[in-house]
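J.: As input, take input14.txt (compact mmCIF, C-alpha atoms):
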```txt
# COMPACT_ATOMS: atom_id res chain seq x y z
CA ARG L 18 -28.57 6.31 30.39
CA LEU L 19 -25.30 5.40 28.65
CA LEU L 20 -26.60 1.85 28.16
CA ALA L 21 -30.23 2.64 27.35
CA GLY L 22 -31.70 0.14 24.91
CA ILE L 23 -28.74 -2.26 25.10
CA PRO L 24 -29.81 -5.76 26.23
CA VAL L 25 -27.32 -6.25 29.07
CA THR L 26 -27.69 -6.62 32.82
CA GLU L 27 -25.42 -5.30 35.54
CA ARG L 28 -24.16 -7.48 38.35
CA ARG L 29 -21.49 -7.38 41.02
CA VAL L 30 -19.22 -10.23 42.08
CA GLU L 31 -16.14 -10.67 44.25
CA LEU L 32 -13.10 -11.69 42.16
CA ALA L 33 -9.70 -12.21 43.79
CA GLY L 34 -11.06 -10.18 46.71
CA ILE L 35 -12.02 -7.27 44.45
CA SER L 36 -15.66 -6.17 44.27
CA THR L 37 -16.23 -6.12 40.51
CA ALA L 38 -18.97 -4.55 38.38
CA ILE L 39 -19.86 -6.52 35.23
CA LEU L 40 -22.12 -5.94 32.24
CA GLU L 41 -23.41 -9.16 30.75
CA GLY L 42 -25.84 -10.29 28.09
CA GLY L 43 -26.54 -12.57 25.17
CA GLU L 44 -26.13 -16.28 24.53
CA GLY L 45 -23.65 -18.32 22.54
CA LEU L 46 -19.88 -18.54 22.63
CA PRO L 47 -18.45 -16.33 25.37
CA ILE L 48 -16.49 -13.17 24.65
CA VAL L 49 -14.84 -11.08 27.39
CA LEU L 50 -14.34 -7.36 26.68
CA MET L 51 -11.61 -5.43 28.52
CA HIS L 52 -11.75 -1.64 28.22
CA GLY L 53 -9.03 1.00 28.18
CA PRO L 54 -7.45 3.16 30.93
CA GLY L 55 -9.60 5.64 32.81
CA GLU L 56 -12.75 4.18 31.26
CA SER L 57 -15.38 1.60 32.17
CA ALA L 58 -17.30 -1.25 30.57
CA ALA L 59 -19.80 1.36 29.34
CA ASN L 60 -17.25 2.31 26.69
CA TRP L 61 -18.23 -0.88 24.83
CA ARG L 62 -21.70 0.59 24.39
CA TRP L 63 -20.98 1.31 20.72
CA VAL L 64 -20.70 -2.39 19.83
CA MET L 65 -22.39 -4.21 22.70
CA ALA L 66 -25.79 -4.64 21.06
CA ASP L 67 -24.29 -6.19 17.92
CA LEU L 68 -22.07 -8.58 19.86
CA VAL L 69 -24.84 -9.62 22.25
CA ASP L 70 -26.86 -10.78 19.23
CA THR L 71 -24.45 -13.65 18.63
CA HIS L 72 -22.35 -14.12 21.77
CA HIS L 73 -22.46 -14.33 25.53
CA VAL L 74 -20.78 -11.01 26.30
CA ILE L 75 -19.02 -10.32 29.60
CA ALA L 76 -17.66 -6.78 30.06
CA PRO L 77 -16.16 -5.96 33.48
CA ASP L 78 -15.03 -2.65 34.84
CA LEU L 79 -11.28 -3.19 35.32
CA PRO L 80 -9.91 -3.01 38.88
CA ALA L 81 -9.87 0.61 40.11
CA HIS L 82 -12.05 1.62 37.15
CA GLY L 83 -15.72 2.47 36.88
CA ALA L 84 -17.70 0.84 39.69
CA THR L 85 -15.05 -1.81 40.44
CA ALA L 86 -13.08 -1.42 43.67
CA GLY L 87 -9.38 -0.76 43.69
CA SER L 88 -8.43 2.43 45.51
CA ASP L 89 -7.44 0.54 48.66
CA GLU L 90 -6.29 -2.65 46.94
CA VAL L 91 -2.84 -3.91 46.06
CA LEU L 92 -3.13 -4.26 42.31
CA ASP L 93 0.03 -6.06 41.29
CA ALA L 94 0.28 -8.28 38.22
CA ASP L 95 -0.41 -11.52 40.08
CA ARG L 96 -3.60 -10.22 41.63
CA VAL L 97 -4.96 -8.68 38.42
CA LEU L 98 -4.29 -11.86 36.45
CA ALA L 99 -5.92 -13.90 39.23
CA TRP L 100 -8.88 -11.51 39.05
CA LEU L 101 -9.22 -12.13 35.31
CA GLY L 102 -8.82 -15.88 35.76
CA GLU L 103 -11.67 -15.96 38.26
CA LEU L 104 -13.82 -13.84 35.94
CA VAL L 105 -13.30 -16.32 33.08
CA GLU L 106 -13.85 -19.35 35.30
CA ARG L 107 -17.03 -18.07 36.90
CA SER L 108 -18.63 -16.31 33.92
CA CYS L 109 -17.82 -18.49 30.90
CA GLY L 110 -19.17 -21.96 30.24
CA SER L 111 -16.37 -22.57 27.76
CA SER L 112 -13.05 -20.96 26.87
CA PRO L 113 -13.84 -17.40 25.77
CA ALA L 114 -12.39 -15.06 23.21
CA LEU L 115 -10.64 -12.26 25.09
CA VAL L 116 -10.79 -8.80 23.50
CA GLY L 117 -8.66 -6.09 25.09
CA HIS L 118 -8.38 -2.38 24.26
CA VAL L 119 -5.25 -0.36 25.18
CA LEU L 120 -4.72 -1.19 28.91
CA GLY L 121 -7.25 -4.02 28.63
CA GLY L 122 -5.20 -5.35 25.72
CA ALA L 123 -1.97 -5.34 27.71
CA ILE L 124 -3.66 -7.23 30.54
CA ALA L 125 -5.23 -9.62 28.03
CA ALA L 126 -1.86 -10.36 26.42
CA ARG L 127 -0.24 -10.98 29.79
CA PHE L 128 -3.09 -13.32 30.73
CA ALA L 129 -2.76 -15.22 27.43
CA ILE L 130 0.93 -15.73 28.22
CA ALA L 131 0.27 -16.90 31.80
CA SER L 132 -2.95 -18.92 31.29
CA PRO L 133 -3.33 -19.90 27.61
CA GLY L 134 -5.52 -22.90 28.41
CA GLN L 135 -8.34 -20.66 29.63
CA LEU L 136 -8.87 -18.88 26.30
CA SER L 137 -9.94 -19.74 22.76
CA ARG L 138 -8.78 -16.56 20.99
CA LEU L 139 -7.10 -13.25 21.68
CA VAL L 140 -7.93 -9.91 20.06
CA LEU L 141 -5.70 -6.91 20.82
CA VAL L 142 -7.10 -3.47 19.99
CA ASP L 143 -4.64 -0.52 19.82
CA THR L 144 -3.05 -2.22 22.77
CA LEU L 145 -0.22 -1.17 25.05
CA GLY L 146 2.73 -3.40 25.88
CA LEU L 147 3.79 -4.39 22.37
CA ALA L 148 6.41 -1.66 22.16
CA ARG L 149 7.75 1.31 24.10
CA PHE L 150 5.00 3.84 24.77
CA ARG L 151 5.86 6.91 22.70
CA PRO L 152 2.71 8.96 22.01
CA SER L 153 2.70 12.10 19.93
CA PRO L 154 3.72 15.21 21.93
CA ARG L 155 0.21 16.70 21.64
CA PHE L 156 -1.38 13.49 22.88
CA ALA L 157 1.04 13.24 25.80
CA PHE L 158 0.46 16.89 26.80
CA ALA L 159 -3.34 16.60 26.59
CA LEU L 160 -3.30 13.39 28.64
CA ALA L 161 -1.02 14.81 31.33
CA THR L 162 -2.96 18.05 31.77
CA PHE L 163 -6.33 16.29 31.92
CA ALA L 164 -5.07 13.71 34.44
CA ALA L 165 -3.58 16.45 36.62
CA ARG L 166 -6.72 18.62 36.77
CA PRO L 167 -9.76 17.04 35.09
CA SER L 168 -12.17 19.61 33.66
CA GLU L 169 -14.60 19.87 30.76
CA ARG L 170 -12.17 22.00 28.74
CA ARG L 171 -9.25 19.64 29.31
CA TYR L 172 -11.40 16.62 28.55
CA ASP L 173 -12.38 18.20 25.24
CA ARG L 174 -8.72 18.85 24.39
CA PHE L 175 -7.77 15.30 25.31
CA MET L 176 -10.63 13.81 23.31
CA ARG L 177 -9.51 15.74 20.25
CA GLN L 178 -6.32 13.68 20.43
CA CYS L 179 -8.18 10.41 21.10
CA ALA L 180 -10.99 10.69 18.54
CA TYR L 181 -10.57 10.75 14.78
CA ASP L 182 -13.18 13.53 14.43
CA LEU L 183 -14.53 14.75 17.75
CA ASP L 184 -17.03 17.17 16.23
CA SER L 185 -18.62 14.41 14.15
CA LEU L 186 -18.67 12.13 17.19
CA ARG L 187 -20.51 14.72 19.25
CA VAL L 188 -23.07 15.19 16.48
CA ARG L 189 -23.55 11.42 16.19
CA MET L 190 -24.06 11.07 19.94
CA GLY L 191 -26.44 14.02 20.20
CA GLU L 192 -27.92 14.31 23.69
CA GLU L 193 -25.84 11.34 24.87
CA TRP L 194 -22.57 13.28 24.60
CA GLU L 195 -23.02 15.34 27.78
CA PRO L 196 -23.65 12.40 30.16
CA PHE L 197 -20.87 10.43 28.44
CA ALA L 198 -18.34 13.23 28.94
CA ALA L 199 -19.56 13.96 32.47
CA TYR L 200 -19.16 10.32 33.52
CA ASN L 201 -15.61 10.11 32.21
CA ILE L 202 -14.66 13.37 33.93
CA GLU L 203 -16.21 12.02 37.13
CA LEU L 204 -14.05 8.88 36.87
CA ALA L 205 -10.93 11.02 36.40
CA ARG L 206 -11.81 12.98 39.56
CA SER L 207 -12.68 9.92 41.67
CA PRO L 208 -10.56 8.81 44.64
CA GLN L 209 -9.55 5.63 42.83
CA ALA L 210 -8.16 7.48 39.77
CA LYS L 211 -4.66 7.32 41.29
CA ALA L 212 -4.98 3.54 41.70
CA ALA L 213 -6.12 3.31 38.07
CA GLY L 214 -3.01 5.27 37.07
CA ARG L 215 -0.79 2.92 39.05
CA LEU L 216 -2.41 -0.05 37.30
CA LEU L 217 -1.64 1.56 33.95
CA ARG L 218 2.00 2.10 34.92
CA LYS L 219 2.42 -1.46 36.24
CA LEU L 220 0.63 -3.52 33.59
CA GLY L 221 -0.02 -1.19 30.65
CA LEU L 222 3.07 0.87 29.93
CA PRO L 223 5.89 -1.68 30.47
CA ARG L 224 6.86 -3.48 27.29
CA ILE L 225 6.05 -7.20 27.28
CA PRO L 226 9.20 -9.17 26.36
CA SER L 227 9.13 -10.23 22.70
CA GLU L 228 9.97 -13.82 23.57
CA GLU L 229 6.84 -14.00 25.72
CA LEU L 230 4.65 -12.54 22.99
CA ALA L 231 6.18 -14.97 20.48
CA GLY L 232 5.14 -17.83 22.76
CA ILE L 233 1.41 -17.04 22.49
CA GLU L 234 -0.06 -19.98 20.57
CA LEU L 235 -3.68 -18.85 20.64
CA PRO L 236 -5.18 -17.44 17.44
CA THR L 237 -4.31 -13.76 17.96
CA THR L 238 -5.56 -10.82 15.92
CA LEU L 239 -4.67 -7.12 15.99
CA ILE L 240 -7.29 -4.42 15.34
CA TRP L 241 -5.90 -0.89 15.01
CA GLY L 242 -7.08 2.61 14.19
CA ARG L 243 -5.08 3.98 11.28
CA HIS L 244 -4.69 7.40 12.97
CA ASP L 245 -3.81 6.28 16.51
CA ARG L 246 -1.68 9.06 18.04
CA ALA L 247 -0.81 7.12 21.20
CA ASN L 248 0.10 3.67 19.87
CA ARG L 249 1.13 4.28 16.28
CA LEU L 250 0.03 1.93 13.52
CA SER L 251 3.70 1.06 12.93
CA ILE L 252 3.64 -0.79 16.28
CA ALA L 253 0.83 -3.04 15.07
CA GLU L 254 2.49 -3.54 11.69
CA ALA L 255 5.73 -4.61 13.34
CA ALA L 256 3.94 -7.00 15.72
CA SER L 257 1.92 -8.47 12.88
CA GLU L 258 5.07 -9.16 10.92
CA ARG L 259 7.06 -10.45 13.87
CA TYR L 260 4.45 -12.78 15.39
CA ALA L 261 2.38 -13.63 12.28
CA TRP L 262 -0.74 -12.07 13.80
CA PRO L 263 -3.40 -10.90 11.32
CA LEU L 264 -3.90 -7.12 11.39
CA HIS L 265 -7.17 -5.33 10.65
CA VAL L 266 -6.60 -1.59 10.10
CA ILE L 267 -9.68 0.58 10.53
CA ASP L 268 -9.77 3.77 8.52
CA GLU L 269 -11.03 7.06 9.94
CA ALA L 270 -10.28 5.85 13.46
CA ALA L 271 -7.75 6.93 16.07
CA ASP L 272 -6.91 5.00 19.26
CA ASP L 273 -10.53 3.90 19.81
CA PRO L 274 -12.00 2.29 16.68
CA ILE L 275 -14.75 0.89 18.91
CA ARG L 276 -16.08 4.42 19.28
CA ASP L 277 -14.92 5.98 16.01
CA GLN L 278 -16.03 3.20 13.63
CA PRO L 279 -18.21 0.71 15.53
CA GLN L 280 -19.54 -1.14 12.48
CA ALA L 281 -16.06 -1.65 11.02
CA PHE L 282 -14.86 -2.77 14.44
CA VAL L 283 -17.61 -5.38 14.76
CA ARG L 284 -16.77 -6.71 11.30
CA ALA L 285 -13.12 -7.00 12.30
CA VAL L 286 -13.99 -8.82 15.54
CA ARG L 287 -16.25 -11.24 13.70
CA ALA L 288 -13.44 -11.95 11.23
CA ALA L 289 -11.05 -12.56 14.13
CA LEU L 290 -13.45 -14.93 15.85
CA GLY L 291 -13.87 -16.85 12.61
CA GLN L 292 -10.23 -17.94 12.56
CA ARG L 293 -9.75 -21.66 12.84
CA GLU L 294 -6.04 -22.24 13.37
CA ALA L 295 -3.59 -20.71 15.77
CA LYS L 296 -0.79 -18.65 14.36
CA SER L 297 2.59 -19.80 15.63
CA GLY L 298 4.79 -16.94 16.79
CA ARG L 299 8.20 -16.33 15.42
CA GLY L 300 10.92 -14.44 17.22
```
Produce structure tokens that represent the structure in this file.

T.:
Amino acid sequence: RLLAGIPVTERRVELAGISTAILEGGEGLPIVLMHGPGESAANWRWVMADLVDTHHVIAPDLPAHGATAGSDEVLDADRVLAWLGELVERSCGSSPALVGHVLGGAIAARFAIASPGQLSRLVLVDTLGLARFRPSPRFAFALATFAARPSERRYDRFMRQCAYDLDSLRVRMGEEWEPFAAYNIELARSPQAKAAGRLLRKLGLPRIPSEELAGIELPTTLIWGRHDRANRLSIAEAASERYAWPLHVIDEAADDPIRDQPQAFVRAVRAALGQREAKSGRG
């Protein structure tokens, strides 16, 4: 129901020994979409239809997320990067653009550092790993209480920190809100939620060394919600200045501009994919 009317198919494939669920659709240049922590590929639903119109879109559930295995797996950095490498090799006819959101962005940046020859472009969306993780106190409290005991009330409180305007979002979604919220609460209660949390702590929260980020030679773009309470806009501004990465700031958006402002997000992605020359990093 969350993907009703969106022209994508679901498939399952073994990648680095991990049974992986993938949403896929469209033709053209490949673009791989990596979602945030505690979510699934269905969270790209807001922009999937637009992107499928012009690109071959591949959106996996990250290891230990959604319908992808992980609760009994050893998910260290080497294995997760090998998983992503196999996904790119087996799903993309040419080097794809890699778009990562929050945790997906941290993994994407680490992959760009380790395997730059497999990608054409890198787009980091409100991503972790660019600086020390210092969310607002209210965000941190809402996240911790929801993760400890997921419930509808705690999910609502957490979403009020994640969304720019939760009430407007619920109105916009209409009847789709309830199944959307229920699915995300179900993921938080699932047996593999602890493995997903470990993945976040291993690959999302640690700061990526600045010298490694400066060595990324791919065309790299930042897309950021102006009102992000978890990864403040100042983090993106500093990274943009330090590494000469273009920055697209999306107004009336918090840490998920994909959901808060999907049309503005698609415009920003299209602008990023239209870049022709790599930006050389500077330390």

J.: Might you pull out every residue within 12 Å of Met65 in chain L, with all atoms listed in the file counted and same-chain residues fewer than 3 positions away left off, and present them as a ChimeraX atom specification?

T.: /L:19-26,40-43,48-50,58-62,68-76,275-276,279-280,282-283,286

J.: Write out as number ranges by chain each polymer residue whose atoms come within 9 Å of Ile202 in chain L, counting only C-alpha atoms; drop sequence neighbours fewer than 2 positions from it.

T.: L: 167-169, 172, 197-200, 204-207

J.: Mind writing the picked residues with C-alpha atoms as a compact mmCIF listing (two decimals), in the frame of the given file?

T.:
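Everything below was put into part-v1.txt:
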```
# COMPACT_ATOMS: atom_id res chain seq x y z
CA PRO L 167 -9.76 17.04 35.09
CA SER L 168 -12.17 19.61 33.66
CA GLU L 169 -14.60 19.87 30.76
CA TYR L 172 -11.40 16.62 28.55
CA PHE L 197 -20.87 10.43 28.44
CA ALA L 198 -18.34 13.23 28.94
CA ALA L 199 -19.56 13.96 32.47
CA TYR L 200 -19.16 10.32 33.52
CA LEU L 204 -14.05 8.88 36.87
CA ALA L 205 -10.93 11.02 36.40
CA ARG L 206 -11.81 12.98 39.56
CA SER L 207 -12.68 9.92 41.67
```

J.: Do a neighbour search on Phe128 in chain L at 9 Å with all atoms listed in the file, toss out local chain neighbours closer than 3 positions, and write the hits as a PyMOL selection string.

T.: chain L and resi 98-99+101-102+123-125+131-133

J.: Could you work out an axis-aligned bounding box for all listed atoms of range 63-76 of chain L, with 5 Å added on each of the six sides, and give its centre and edge lengths in Å to one decimal, as JSON?

T.:
```
{"center_x": -22.3, "center_y": -6.5, "center_z": 24.0, "size_x": 19.2, "size_y": 25.6, "size_z": 22.1}
```

J.: Considering only C-alpha atoms, state which residue in the set L:Ala81, L:Asp89, L:Met176, L:Tyr260 is at the smallest distance from Ala157 in chain L.

T.: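 Distance minimum relative to Ala157 in chain L lands on L:Met176.
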
J.: Using only C-alpha atoms, which of L:Asp272, L:Glu31, L:Glu103, L:Glu228 sits nearest Asn248 in chain L?

T.: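 Distance minimum relative to Asn248 in chain L lands on L:Asp272.
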
J.: Can you measure CA of Leu147 in chain L to CA of Lys219 in chain L for me? One decimal in Å is fine.

T.: 14.2 Å

J.: Given the choices L:Ala212, L:Leu46, L:Ala66, L:Ala281, which gets closest to Ser88 in chain L if the distance is worked out from all atoms listed in the file?

T.: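 Closest candidate: L:Ala212.
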
J.: What's the 8 Å shell around Glu269 in chain L, counting only C-alpha atoms, without same-chain residues fewer than 4 positions away, as a list in words?

T.: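 Once the adjacent positions are removed, what remains is Tyr181, Gly242, Arg243, His244, Asp277 and Gln278 of chain L.
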
J.: Working from the structure I just supplied, which lacks atoms in range 37-71 of chain L, can you model N, CA and C atoms there and output them as a PDB file, keeping the file's coordinate frame?

T.:
```pdb
ATOM      1  N   THR L  37     -16.325  -6.411  41.944  1.00  0.00           N
ATOM      2  CA  THR L  37     -16.230  -6.120  40.510  1.00  0.00           C
ATOM      3  C   THR L  37     -17.603  -5.913  39.886  1.00  0.00           C
ATOM      4  N   ALA L  38     -17.744  -4.840  39.123  1.00  0.00           N
ATOM      5  CA  ALA L  38     -18.970  -4.550  38.380  1.00  0.00           C
ATOM      6  C   ALA L  38     -18.835  -5.142  36.975  1.00  0.00           C
ATOM      7  N   ILE L  39     -19.895  -5.826  36.516  1.00  0.00           N
ATOM      8  CA  ILE L  39     -19.860  -6.520  35.230  1.00  0.00           C
ATOM      9  C   ILE L  39     -21.141  -6.227  34.461  1.00  0.00           C
ATOM     10  N   LEU L  40     -20.998  -5.973  33.168  1.00  0.00           N
ATOM     11  CA  LEU L  40     -22.120  -5.940  32.240  1.00  0.00           C
ATOM     12  C   LEU L  40     -22.142  -7.263  31.501  1.00  0.00           C
ATOM     13  N   GLU L  41     -23.335  -7.829  31.333  1.00  0.00           N
ATOM     14  CA  GLU L  41     -23.410  -9.160  30.750  1.00  0.00           C
ATOM     15  C   GLU L  41     -24.703  -9.313  29.968  1.00  0.00           C
ATOM     16  N   GLY L  42     -24.637 -10.041  28.868  1.00  0.00           N
ATOM     17  CA  GLY L  42     -25.840 -10.290  28.090  1.00  0.00           C
ATOM     18  C   GLY L  42     -25.567 -11.222  26.931  1.00  0.00           C
ATOM     19  N   GLY L  43     -26.640 -11.742  26.351  1.00  0.00           N
ATOM     20  CA  GLY L  43     -26.540 -12.570  25.170  1.00  0.00           C
ATOM     21  C   GLY L  43     -26.262 -14.036  25.473  1.00  0.00           C
ATOM     22  N   GLU L  44     -26.384 -14.841  24.437  1.00  0.00           N
ATOM     23  CA  GLU L  44     -26.130 -16.280  24.530  1.00  0.00           C
ATOM     24  C   GLU L  44     -25.203 -16.685  23.399  1.00  0.00           C
ATOM     25  N   GLY L  45     -24.570 -17.825  23.562  1.00  0.00           N
ATOM     26  CA  GLY L  45     -23.650 -18.320  22.540  1.00  0.00           C
ATOM     27  C   GLY L  45     -22.248 -18.413  23.095  1.00  0.00           C
ATOM     28  N   LEU L  46     -21.270 -18.451  22.200  1.00  0.00           N
ATOM     29  CA  LEU L  46     -19.880 -18.540  22.630  1.00  0.00           C
ATOM     30  C   LEU L  46     -19.499 -17.300  23.432  1.00  0.00           C
ATOM     31  N   PRO L  47     -18.763 -17.476  24.517  1.00  0.00           N
ATOM     32  CA  PRO L  47     -18.450 -16.330  25.370  1.00  0.00           C
ATOM     33  C   PRO L  47     -17.350 -15.438  24.797  1.00  0.00           C
ATOM     34  N   ILE L  48     -17.500 -14.142  25.027  1.00  0.00           N
ATOM     35  CA  ILE L  48     -16.490 -13.170  24.650  1.00  0.00           C
ATOM     36  C   ILE L  48     -16.350 -12.169  25.800  1.00  0.00           C
ATOM     37  N   VAL L  49     -15.134 -11.990  26.279  1.00  0.00           N
ATOM     38  CA  VAL L  49     -14.840 -11.080  27.390  1.00  0.00           C
ATOM     39  C   VAL L  49     -14.224  -9.811  26.814  1.00  0.00           C
ATOM     40  N   LEU L  50     -14.780  -8.657  27.194  1.00  0.00           N
ATOM     41  CA  LEU L  50     -14.340  -7.360  26.680  1.00  0.00           C
ATOM     42  C   LEU L  50     -13.645  -6.577  27.787  1.00  0.00           C
ATOM     43  N   MET L  51     -12.411  -6.152  27.529  1.00  0.00           N
ATOM     44  CA  MET L  51     -11.610  -5.430  28.520  1.00  0.00           C
ATOM     45  C   MET L  51     -11.319  -4.021  28.000  1.00  0.00           C
ATOM     46  N   HIS L  52     -11.819  -3.019  28.694  1.00  0.00           N
ATOM     47  CA  HIS L  52     -11.750  -1.640  28.220  1.00  0.00           C
ATOM     48  C   HIS L  52     -10.396  -0.999  28.476  1.00  0.00           C
ATOM     49  N   GLY L  53     -10.276   0.265  28.077  1.00  0.00           N
ATOM     50  CA  GLY L  53      -9.030   1.000  28.180  1.00  0.00           C
ATOM     51  C   GLY L  53      -8.873   1.759  29.484  1.00  0.00           C
ATOM     52  N   PRO L  54      -7.744   2.478  29.668  1.00  0.00           N
ATOM     53  CA  PRO L  54      -7.450   3.160  30.930  1.00  0.00           C
ATOM     54  C   PRO L  54      -8.362   4.352  31.170  1.00  0.00           C
ATOM     55  N   GLY L  55      -8.754   4.511  32.439  1.00  0.00           N
ATOM     56  CA  GLY L  55      -9.600   5.640  32.810  1.00  0.00           C
ATOM     57  C   GLY L  55     -11.027   5.521  32.339  1.00  0.00           C
ATOM     58  N   GLU L  56     -11.415   4.361  31.825  1.00  0.00           N
ATOM     59  CA  GLU L  56     -12.750   4.180  31.260  1.00  0.00           C
ATOM     60  C   GLU L  56     -13.542   3.187  32.114  1.00  0.00           C
ATOM     61  N   SER L  57     -14.569   2.607  31.520  1.00  0.00           N
ATOM     62  CA  SER L  57     -15.380   1.600  32.170  1.00  0.00           C
ATOM     63  C   SER L  57     -15.978   0.697  31.101  1.00  0.00           C
ATOM     64  N   ALA L  58     -16.675  -0.340  31.523  1.00  0.00           N
ATOM     65  CA  ALA L  58     -17.300  -1.250  30.570  1.00  0.00           C
ATOM     66  C   ALA L  58     -18.318  -0.538  29.685  1.00  0.00           C
ATOM     67  N   ALA L  59     -18.831   0.608  30.153  1.00  0.00           N
ATOM     68  CA  ALA L  59     -19.800   1.360  29.340  1.00  0.00           C
ATOM     69  C   ALA L  59     -19.192   1.848  28.036  1.00  0.00           C
ATOM     70  N   ASN L  60     -17.867   1.880  27.936  1.00  0.00           N
ATOM     71  CA  ASN L  60     -17.250   2.310  26.690  1.00  0.00           C
ATOM     72  C   ASN L  60     -17.391   1.290  25.557  1.00  0.00           C
ATOM     73  N   TRP L  61     -17.910   0.100  25.874  1.00  0.00           N
ATOM     74  CA  TRP L  61     -18.230  -0.880  24.830  1.00  0.00           C
ATOM     75  C   TRP L  61     -19.649  -0.678  24.298  1.00  0.00           C
ATOM     76  N   ARG L  62     -20.315   0.353  24.770  1.00  0.00           N
ATOM     77  CA  ARG L  62     -21.700   0.590  24.390  1.00  0.00           C
ATOM     78  C   ARG L  62     -21.893   0.668  22.883  1.00  0.00           C
ATOM     79  N   TRP L  63     -20.877   1.122  22.162  1.00  0.00           N
ATOM     80  CA  TRP L  63     -20.980   1.310  20.720  1.00  0.00           C
ATOM     81  C   TRP L  63     -21.186  -0.003  19.977  1.00  0.00           C
ATOM     82  N   VAL L  64     -20.676  -1.098  20.537  1.00  0.00           N
ATOM     83  CA  VAL L  64     -20.700  -2.390  19.830  1.00  0.00           C
ATOM     84  C   VAL L  64     -21.410  -3.482  20.611  1.00  0.00           C
ATOM     85  N   MET L  65     -21.824  -3.180  21.833  1.00  0.00           N
ATOM     86  CA  MET L  65     -22.390  -4.210  22.700  1.00  0.00           C
ATOM     87  C   MET L  65     -23.626  -4.864  22.101  1.00  0.00           C
ATOM     88  N   ALA L  66     -24.538  -4.076  21.569  1.00  0.00           N
ATOM     89  CA  ALA L  66     -25.790  -4.640  21.060  1.00  0.00           C
ATOM     90  C   ALA L  66     -25.533  -5.618  19.925  1.00  0.00           C
ATOM     91  N   ASP L  67     -24.604  -5.283  19.019  1.00  0.00           N
ATOM     92  CA  ASP L  67     -24.290  -6.190  17.920  1.00  0.00           C
ATOM     93  C   ASP L  67     -23.667  -7.486  18.425  1.00  0.00           C
ATOM     94  N   LEU L  68     -22.756  -7.394  19.373  1.00  0.00           N
ATOM     95  CA  LEU L  68     -22.070  -8.580  19.860  1.00  0.00           C
ATOM     96  C   LEU L  68     -22.993  -9.470  20.693  1.00  0.00           C
ATOM     97  N   VAL L  69     -23.899  -8.856  21.440  1.00  0.00           N
ATOM     98  CA  VAL L  69     -24.840  -9.620  22.250  1.00  0.00           C
ATOM     99  C   VAL L  69     -25.782 -10.455  21.377  1.00  0.00           C
ATOM    100  N   ASP L  70     -25.993 -10.029  20.143  1.00  0.00           N
ATOM    101  CA  ASP L  70     -26.860 -10.780  19.230  1.00  0.00           C
ATOM    102  C   ASP L  70     -26.347 -12.194  18.982  1.00  0.00           C
ATOM    103  N   THR L  71     -25.033 -12.369  19.030  1.00  0.00           N
ATOM    104  CA  THR L  71     -24.450 -13.650  18.630  1.00  0.00           C
ATOM    105  C   THR L  71     -23.571 -14.300  19.687  1.00  0.00           C
TER     106      THR L  71
END
```
